[in-house]
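Novice: Contents of protein_28.pdb (PDB, C-alpha atoms and all ligand atoms):
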```
ATOM      1  CA  MET A   1      24.167  92.158 107.852
ATOM      2  CA  VAL A   2      27.494  93.801 108.679
ATOM      3  CA  PRO A   3      30.535  91.536 108.305
ATOM      4  CA  ILE A   4      31.312  91.258 112.032
ATOM      5  CA  ASP A   5      27.784  90.020 112.840
ATOM      6  CA  LEU A   6      27.901  87.554 109.988
ATOM      7  CA  LEU A   7      31.287  86.320 111.163
ATOM      8  CA  LYS A   8      30.070  85.897 114.751
ATOM      9  CA  GLU A   9      27.078  83.962 113.492
ATOM     10  CA  GLN A  10      29.128  81.703 111.223
ATOM     11  CA  LEU A  11      32.063  81.253 113.617
ATOM     12  CA  PRO A  12      30.537  81.464 117.080
ATOM     13  CA  VAL A  13      32.827  81.771 120.102
ATOM     14  CA  HIS A  14      30.951  80.955 123.269
ATOM     15  CA  GLN A  15      32.600  82.748 126.177
ATOM     16  CA  GLU A  16      32.424  81.092 129.555
ATOM     17  CA  SER A  17      33.304  82.222 133.036
ATOM     18  CA  LEU A  18      36.095  80.604 135.020
ATOM     19  CA  LEU A  19      36.188  79.972 138.756
ATOM     20  CA  LEU A  20      39.692  79.403 140.111
ATOM     21  CA  THR A  21      40.004  77.419 143.301
ATOM     22  CA  ALA A  22      43.013  76.827 145.516
ATOM     23  CA  ASP A  23      42.953  73.048 144.960
ATOM     24  CA  VAL A  24      43.847  73.330 141.262
ATOM     25  CA  LYS A  25      47.301  74.671 140.593
ATOM     26  CA  THR A  26      46.916  77.603 138.226
ATOM     27  CA  GLY A  27      49.452  79.765 136.470
ATOM     28  CA  LEU A  28      48.946  83.004 134.608
ATOM     29  CA  VAL A  29      50.653  83.529 131.254
ATOM     30  CA  LEU A  30      50.887  87.054 129.902
ATOM     31  CA  VAL A  31      51.717  87.425 126.245
ATOM     32  CA  ASP A  32      53.399  90.601 125.053
ATOM     33  CA  VAL A  33      51.725  93.097 127.351
ATOM     34  CA  VAL A  34      54.578  95.422 126.396
ATOM     35  CA  ASN A  35      54.791  99.071 125.404
ATOM     36  CA  GLY A  36      55.520  98.185 121.785
ATOM     37  CA  PHE A  37      52.035  96.688 121.415
ATOM     38  CA  CYS A  38      49.973  98.359 124.107
ATOM     39  CA  THR A  39      51.219 101.890 124.825
ATOM     40  CA  VAL A  40      49.984 104.700 122.622
ATOM     41  CA  GLY A  41      52.696 106.003 120.306
ATOM     42  CA  ALA A  42      55.366 103.632 121.647
ATOM     43  CA  GLY A  43      56.438 102.226 118.279
ATOM     44  CA  ASN A  44      55.542 100.916 114.853
ATOM     45  CA  LEU A  45      53.129  98.280 116.179
ATOM     46  CA  ALA A  46      51.785 100.301 119.106
ATOM     47  CA  PRO A  47      48.323 101.860 118.985
ATOM     48  CA  ARG A  48      48.434 105.273 117.329
ATOM     49  CA  GLN A  49      45.662 106.633 119.526
ATOM     50  CA  PRO A  50      43.984 105.526 122.767
ATOM     51  CA  ASP A  51      42.369 102.165 122.146
ATOM     52  CA  LYS A  52      39.580 100.983 124.431
ATOM     53  CA  GLN A  53      40.068  97.301 123.667
ATOM     54  CA  ILE A  54      43.765  97.415 124.480
ATOM     55  CA  SER A  55      43.410  99.580 127.606
ATOM     56  CA  GLU A  56      40.656  97.313 128.960
ATOM     57  CA  MET A  57      42.854  94.286 128.293
ATOM     58  CA  VAL A  58      45.724  95.922 130.181
ATOM     59  CA  ASN A  59      43.436  96.797 133.130
ATOM     60  CA  GLU A  60      42.191  93.220 133.215
ATOM     61  CA  VAL A  61      45.751  91.891 133.169
ATOM     62  CA  VAL A  62      46.749  94.218 136.019
ATOM     63  CA  SER A  63      43.913  93.093 138.292
ATOM     64  CA  LEU A  64      44.446  89.394 137.549
ATOM     65  CA  ALA A  65      48.197  89.704 138.034
ATOM     66  CA  ARG A  66      47.651  91.396 141.392
ATOM     67  CA  VAL A  67      45.493  88.528 142.643
ATOM     68  CA  PHE A  68      47.978  85.932 141.385
ATOM     69  CA  CYS A  69      50.843  87.744 143.101
ATOM     70  CA  GLU A  70      48.910  88.057 146.364
ATOM     71  CA  LYS A  71      48.283  84.313 146.245
ATOM     72  CA  LYS A  72      51.912  83.642 145.218
ATOM     73  CA  TRP A  73      50.675  81.676 142.211
ATOM     74  CA  PRO A  74      53.094  81.470 139.272
ATOM     75  CA  VAL A  75      52.972  84.187 136.625
ATOM     76  CA  PHE A  76      54.886  83.871 133.376
ATOM     77  CA  GLY A  77      55.249  86.839 131.056
ATOM     78  CA  PHE A  78      56.503  86.821 127.479
ATOM     79  CA  LEU A  79      58.136  90.006 126.252
ATOM     80  CA  ASP A  80      58.418  90.456 122.519
ATOM     81  CA  SER A  81      62.034  91.305 121.922
ATOM     82  CA  HIS A  82      64.053  91.457 118.709
ATOM     83  CA  HIS A  83      67.657  91.898 117.721
ATOM     84  CA  PRO A  84      67.897  95.128 115.673
ATOM     85  CA  ASP A  85      69.479  93.253 112.727
ATOM     86  CA  ILE A  86      66.942  90.417 112.630
ATOM     87  CA  PRO A  87      63.591  91.726 111.423
ATOM     88  CA  GLU A  88      60.392  89.809 112.004
ATOM     89  CA  HIS A  89      58.857  89.506 108.577
ATOM     90  CA  PRO A  90      56.367  90.955 107.576
ATOM     91  CA  TYR A  91      56.297  93.413 110.469
ATOM     92  CA  PRO A  92      58.167  96.706 110.593
ATOM     93  CA  PRO A  93      60.894  97.049 113.245
ATOM     94  CA  HIS A  94      59.390  96.787 116.727
ATOM     95  CA  CYS A  95      60.238  95.772 120.294
ATOM     96  CA  ILE A  96      63.998  95.987 119.810
ATOM     97  CA  ALA A  97      65.726  94.267 122.741
ATOM     98  CA  GLY A  98      66.715  96.647 125.493
ATOM     99  CA  THR A  99      64.317  99.418 124.475
ATOM    100  CA  ASP A 100      61.168 100.531 126.298
ATOM    101  CA  GLU A 101      59.110  98.882 123.566
ATOM    102  CA  SER A 102      60.004  95.417 124.804
ATOM    103  CA  LYS A 103      59.309  96.269 128.456
ATOM    104  CA  LEU A 104      56.089  95.616 130.339
ATOM    105  CA  VAL A 105      53.584  98.477 130.192
ATOM    106  CA  PRO A 106      53.968 100.995 133.062
ATOM    107  CA  ALA A 107      50.959  99.561 134.948
ATOM    108  CA  LEU A 108      52.714  96.172 135.132
ATOM    109  CA  GLN A 109      56.298  97.158 135.813
ATOM    110  CA  TRP A 110      55.922  96.374 139.543
ATOM    111  CA  MET A 111      55.778  92.715 138.470
ATOM    112  CA  GLU A 112      59.480  92.739 137.603
ATOM    113  CA  ASN A 113      60.304  92.447 141.321
ATOM    114  CA  GLU A 114      57.723  89.836 142.304
ATOM    115  CA  PRO A 115      59.239  86.480 143.302
ATOM    116  CA  ASN A 116      56.457  84.429 141.689
ATOM    117  CA  VAL A 117      56.879  86.171 138.307
ATOM    118  CA  THR A 118      59.116  84.901 135.499
ATOM    119  CA  LEU A 119      59.659  87.133 132.484
ATOM    120  CA  LYS A 120      61.045  85.756 129.242
ATOM    121  CA  CYS A 121      62.046  87.588 126.098
ATOM    122  CA  LYS A 122      60.901  85.912 122.939
ATOM    123  CA  ASP A 123      61.776  86.691 119.368
ATOM    124  CA  CYS A 124      59.104  84.805 117.496
ATOM    125  CA  ILE A 125      55.456  85.694 117.207
ATOM    126  CA  ASP A 126      54.378  82.078 117.600
ATOM    127  CA  GLY A 127      57.065  81.086 120.056
ATOM    128  CA  PHE A 128      54.718  80.897 122.968
ATOM    129  CA  LEU A 129      52.404  78.393 121.326
ATOM    130  CA  GLY A 130      55.039  75.698 121.391
ATOM    131  CA  SER A 131      56.439  76.531 124.783
ATOM    132  CA  ILE A 132      53.372  76.092 126.970
ATOM    133  CA  GLU A 133      53.603  72.626 128.398
ATOM    134  CA  LYS A 134      50.510  70.616 129.082
ATOM    135  CA  ASP A 135      51.472  68.955 132.339
ATOM    136  CA  GLY A 136      48.003  68.706 133.764
ATOM    137  CA  SER A 137      48.165  72.016 135.566
ATOM    138  CA  ASN A 138      45.812  74.778 134.632
ATOM    139  CA  VAL A 139      47.241  77.557 132.507
ATOM    140  CA  LEU A 140      45.312  80.779 132.184
ATOM    141  CA  SER A 141      46.586  82.801 129.269
ATOM    142  CA  ILE A 142      45.669  86.420 128.876
ATOM    143  CA  GLY A 143      47.067  89.016 126.597
ATOM    144  CA  SER A 144      46.171  86.987 123.569
ATOM    145  CA  LYS A 145      44.585  90.252 122.594
ATOM    146  CA  ALA A 146      48.123  91.463 122.199
ATOM    147  CA  ILE A 147      48.557  88.753 119.603
ATOM    148  CA  ILE A 148      45.242  89.792 118.148
ATOM    149  CA  SER A 149      46.440  93.340 118.080
ATOM    150  CA  LYS A 150      49.336  92.143 115.959
ATOM    151  CA  LEU A 151      46.870  90.489 113.629
ATOM    152  CA  TYR A 152      44.923  93.702 113.680
ATOM    153  CA  MET A 153      48.019  95.655 112.747
ATOM    154  CA  CYS A 154      48.622  93.120 110.043
ATOM    155  CA  ALA A 155      45.057  93.643 108.834
ATOM    156  CA  GLY A 156      45.720  97.363 109.040
ATOM    157  CA  PHE A 157      48.583  97.008 106.608
ATOM    158  CA  PHE A 158      46.376  95.113 104.216
ATOM    159  CA  HIS A 159      43.861  97.847 104.680
ATOM    160  CA  VAL A 160      46.431 100.372 103.555
ATOM    161  CA  ALA A 161      47.767  98.100 100.847
ATOM    162  CA  ASN A 162      44.548  97.193  99.091
ATOM    163  CA  THR A 163      41.277  98.802  98.202
ATOM    164  CA  MET A 164      38.866  96.444  99.965
ATOM    165  CA  LYS A 165      37.863  99.183 102.328
ATOM    166  CA  ASP A 166      34.496  97.667 103.162
ATOM    167  CA  VAL A 167      36.061  94.340 104.141
ATOM    168  CA  ALA A 168      38.659  96.004 106.334
ATOM    169  CA  ALA A 169      36.319  98.559 107.868
ATOM    170  CA  HIS A 170      36.571  96.986 111.348
ATOM    171  CA  PRO A 171      39.743  94.942 111.157
ATOM    172  CA  GLN A 172      40.368  95.032 114.910
ATOM    173  CA  ASP A 173      36.967  93.593 115.830
ATOM    174  CA  LEU A 174      37.087  91.071 113.026
ATOM    175  CA  MET A 175      40.609  89.916 113.735
ATOM    176  CA  HIS A 176      39.958  89.825 117.468
ATOM    177  CA  HIS A 177      37.029  87.498 116.898
ATOM    178  CA  ILE A 178      38.970  85.308 114.473
ATOM    179  CA  GLY A 179      41.839  85.138 116.973
ATOM    180  CA  LEU A 180      39.505  83.920 119.705
ATOM    181  CA  TYR A 181      37.942  81.423 117.315
ATOM    182  CA  LEU A 182      41.352  80.018 116.373
ATOM    183  CA  ALA A 183      42.402  79.867 120.032
ATOM    184  CA  LYS A 184      39.245  77.929 120.800
ATOM    185  CA  GLY A 185      40.003  75.580 117.917
ATOM    186  CA  ARG A 186      43.380  74.883 119.535
ATOM    187  CA  GLY A 187      41.618  73.803 122.693
ATOM    188  CA  ALA A 188      41.592  77.048 124.659
ATOM    189  CA  LYS A 189      38.704  77.837 126.945
ATOM    190  CA  VAL A 190      37.702  81.384 126.065
ATOM    191  CA  VAL A 191      36.377  83.173 129.114
ATOM    192  CA  SER A 192      35.056  86.657 129.644
ATOM    193  CA  GLU A 193      35.157  86.514 133.431
ATOM    194  CA  VAL A 194      37.538  85.070 136.021
ATOM    195  CA  SER A 195      36.652  84.721 139.686
ATOM    196  CA  PHE A 196      38.388  83.248 142.724
ATOM    197  CA  ASP A 197      36.806  81.123 145.423
ATOM    198  CA  ALA A 198      38.641  82.734 148.317
TER     199      ALA A 198
HETATM  200 ZN    ZN A 201      57.819  90.789 117.406
END
```
Show me the file's structure as structure tokens.

Specialist:
Amino acid sequence: MVPIDLLKEQLPVHQESLLLTADVKTGLVLVDVVNGFCTVGAGNLAPRQPDKQISEMVNEVVSLARVFCEKKWPVFGFLDSHHPDIPEHPYPPHCIAGTDESKLVPALQWMENEPNVTLKCKDCIDGFLGSIEKDGSNVLSIGSKAIISKLYMCAGFFHVANTMKDVAAHPQDLMHHIGLYLAKGRGAKVVSEVSFDA
């Protein structure tokens, strides 16, 4: 059995679908859907070549964000953003404040002018975990794949740094699955489909 199948069997992540209705207040949280993580060739932690998983994630974010903006529902976007003199160990320099790397991907830049959208620079990879309040409202977080992509990059470094080539053969798929599993363990509902009732 290949490692990813074994992992999915041992650590199953059941993916549900989510129906959003107008009577439950729902916000959309986007995490690091920025050039530095999602745009080919944009920086040290950006994909080196076109990546289907990342481009599908971005497309999904764009369509969800459009619906949320049409409905005037709140959208909150984190932008990874670092001071040039304060590195984020163990990652190489990335998303330096004020550069294109820490800006939303081109397909989302229209959001900067939407009144229901709040964008916040963050300088810590886990910053968002502590800053999402549980106030009873429904928070839909997407872009966790961006976090996963960081883990993937991290796995990529290990791949370069060690000789366990067979273990790291599919680091992106493996780390993506582990990321979803951990998110689920923290109480997240992992969904593969979002629909709206009106
Ligand atoms: Zn960062």

Novice: Mind pulling up the distance from atom CA of A:Trp110 to atom CA of A:Pro47?

Specialist: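 Atom-to-atom, atom CA of A:Pro47 to atom CA of A:Trp110, that is 22.6 Å.
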
Novice: Given 4 Å of margin on each side, can you work out the centre and size in Å (one decimal) of an axis-aligned box holding every listed atom of stretch 81-94 of chain A, as lines of an AutoDock Vina configuration file?

Specialist:
```
center_x = 62.9
center_y = 93.3
center_z = 114.7
size_x = 21.2
size_y = 15.5
size_z = 22.3
```

Novice: Between A:Leu45, A:Leu104, A:Leu19, A:Leu182, which one has atoms that come closest to ligand ZN 201 (chain A), using all atoms listed in the file?

Specialist: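 For ligand ZN 201 (chain A), the nearest of the given residues is A:Leu45.
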
Novice: I'd like to know which of A:Asn35, A:Ser192, A:Ser102, A:Asn113 is closest to A:Cys69, using only C-alpha atoms.

Specialist: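 Ranked by minimum distance to A:Cys69, first place goes to A:Asn113.
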
Novice: Measure the distance from atom CA of A:Cys95 to atom CA of A:Val117 in Å and round it to one decimal.

Specialist: 20.7 Å

Novice: For ligand ZN 201 (chain A), which residue among A:Val105, A:Ala97, A:Val67, A:Ile178 is the nearest when counting all atoms listed in the file?

Specialist: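 Selected residue with least distance to ligand ZN 201 (chain A): A:Ala97.
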
Novice: Given the file shown, determine the residues that the PyMOL selection byres (((chain A and resi 16) around 9) and not hetatm) selects; report them as a ChimeraX atom specification.

Specialist: /A:14-15,17-18,189-193

Novice: Please write as a ChimeraX atom specification the full residue list that the PyMOL selection byres (((chain A and resi 22) around 9) and not hetatm) yields on this file.

Specialist: /A:20-21,23-26,196-198

Novice: Could the residues in this selection be written to a file with C-alpha atoms, as a PDB file, keeping the file's coordinate frame?

Specialist:
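Heads up, here's the output in result_18.pdb:
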```
ATOM      1  CA  LEU A  20      39.692  79.403 140.111  1.00  0.00           C
ATOM      2  CA  THR A  21      40.004  77.419 143.301  1.00  0.00           C
ATOM      3  CA  ASP A  23      42.953  73.048 144.960  1.00  0.00           C
ATOM      4  CA  VAL A  24      43.847  73.330 141.262  1.00  0.00           C
ATOM      5  CA  LYS A  25      47.301  74.671 140.593  1.00  0.00           C
ATOM      6  CA  THR A  26      46.916  77.603 138.226  1.00  0.00           C
ATOM      7  CA  PHE A 196      38.388  83.248 142.724  1.00  0.00           C
ATOM      8  CA  ASP A 197      36.806  81.123 145.423  1.00  0.00           C
ATOM      9  CA  ALA A 198      38.641  82.734 148.317  1.00  0.00           C
TER      10      ALA A 198
END
```

Novice: Mind filling out stretch 53-69 of chain A with N, CA and C atoms and sending it as a PDB file, keeping the file's coordinate frame?

Specialist:
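Writing the result to result-v6.pdb gives the following:
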```
ATOM      1  N   GLN A  53      39.902  98.747 123.547  1.00  0.00           N
ATOM      2  CA  GLN A  53      40.068  97.301 123.667  1.00  0.00           C
ATOM      3  C   GLN A  53      41.414  96.963 124.323  1.00  0.00           C
ATOM      4  N   ILE A  54      42.444  97.684 123.918  1.00  0.00           N
ATOM      5  CA  ILE A  54      43.765  97.415 124.480  1.00  0.00           C
ATOM      6  C   ILE A  54      43.841  97.894 125.929  1.00  0.00           C
ATOM      7  N   SER A  55      43.296  99.086 126.225  1.00  0.00           N
ATOM      8  CA  SER A  55      43.410  99.580 127.606  1.00  0.00           C
ATOM      9  C   SER A  55      42.579  98.716 128.563  1.00  0.00           C
ATOM     10  N   GLU A  56      41.436  98.220 128.101  1.00  0.00           N
ATOM     11  CA  GLU A  56      40.656  97.313 128.960  1.00  0.00           C
ATOM     12  C   GLU A  56      41.400  96.003 129.186  1.00  0.00           C
ATOM     13  N   MET A  57      42.071  95.515 128.146  1.00  0.00           N
ATOM     14  CA  MET A  57      42.854  94.286 128.293  1.00  0.00           C
ATOM     15  C   MET A  57      43.956  94.497 129.328  1.00  0.00           C
ATOM     16  N   VAL A  58      44.644  95.655 129.234  1.00  0.00           N
ATOM     17  CA  VAL A  58      45.724  95.922 130.181  1.00  0.00           C
ATOM     18  C   VAL A  58      45.164  96.009 131.606  1.00  0.00           C
ATOM     19  N   ASN A  59      44.043  96.706 131.790  1.00  0.00           N
ATOM     20  CA  ASN A  59      43.436  96.797 133.130  1.00  0.00           C
ATOM     21  C   ASN A  59      43.099  95.418 133.682  1.00  0.00           C
ATOM     22  N   GLU A  60      42.564  94.578 132.815  1.00  0.00           N
ATOM     23  CA  GLU A  60      42.191  93.220 133.215  1.00  0.00           C
ATOM     24  C   GLU A  60      43.432  92.425 133.630  1.00  0.00           C
ATOM     25  N   VAL A  61      44.498  92.575 132.856  1.00  0.00           N
ATOM     26  CA  VAL A  61      45.751  91.891 133.169  1.00  0.00           C
ATOM     27  C   VAL A  61      46.280  92.357 134.522  1.00  0.00           C
ATOM     28  N   VAL A  62      46.229  93.679 134.760  1.00  0.00           N
ATOM     29  CA  VAL A  62      46.749  94.218 136.019  1.00  0.00           C
ATOM     30  C   VAL A  62      45.978  93.631 137.192  1.00  0.00           C
ATOM     31  N   SER A  63      44.647  93.601 137.120  1.00  0.00           N
ATOM     32  CA  SER A  63      43.913  93.093 138.292  1.00  0.00           C
ATOM     33  C   SER A  63      44.122  91.600 138.486  1.00  0.00           C
ATOM     34  N   LEU A  64      44.177  90.827 137.393  1.00  0.00           N
ATOM     35  CA  LEU A  64      44.446  89.394 137.549  1.00  0.00           C
ATOM     36  C   LEU A  64      45.845  89.150 138.106  1.00  0.00           C
ATOM     37  N   ALA A  65      46.817  89.889 137.579  1.00  0.00           N
ATOM     38  CA  ALA A  65      48.197  89.704 138.034  1.00  0.00           C
ATOM     39  C   ALA A  65      48.321  90.036 139.514  1.00  0.00           C
ATOM     40  N   ARG A  66      47.596  91.039 139.969  1.00  0.00           N
ATOM     41  CA  ARG A  66      47.651  91.396 141.392  1.00  0.00           C
ATOM     42  C   ARG A  66      47.141  90.249 142.263  1.00  0.00           C
ATOM     43  N   VAL A  67      46.032  89.646 141.857  1.00  0.00           N
ATOM     44  CA  VAL A  67      45.493  88.528 142.643  1.00  0.00           C
ATOM     45  C   VAL A  67      46.475  87.353 142.642  1.00  0.00           C
ATOM     46  N   PHE A  68      47.022  87.041 141.462  1.00  0.00           N
ATOM     47  CA  PHE A  68      47.978  85.932 141.385  1.00  0.00           C
ATOM     48  C   PHE A  68      49.195  86.193 142.262  1.00  0.00           C
ATOM     49  N   CYS A  69      49.664  87.429 142.294  1.00  0.00           N
ATOM     50  CA  CYS A  69      50.843  87.744 143.101  1.00  0.00           C
ATOM     51  C   CYS A  69      50.509  87.705 144.586  1.00  0.00           C
TER      52      CYS A  69
END
```
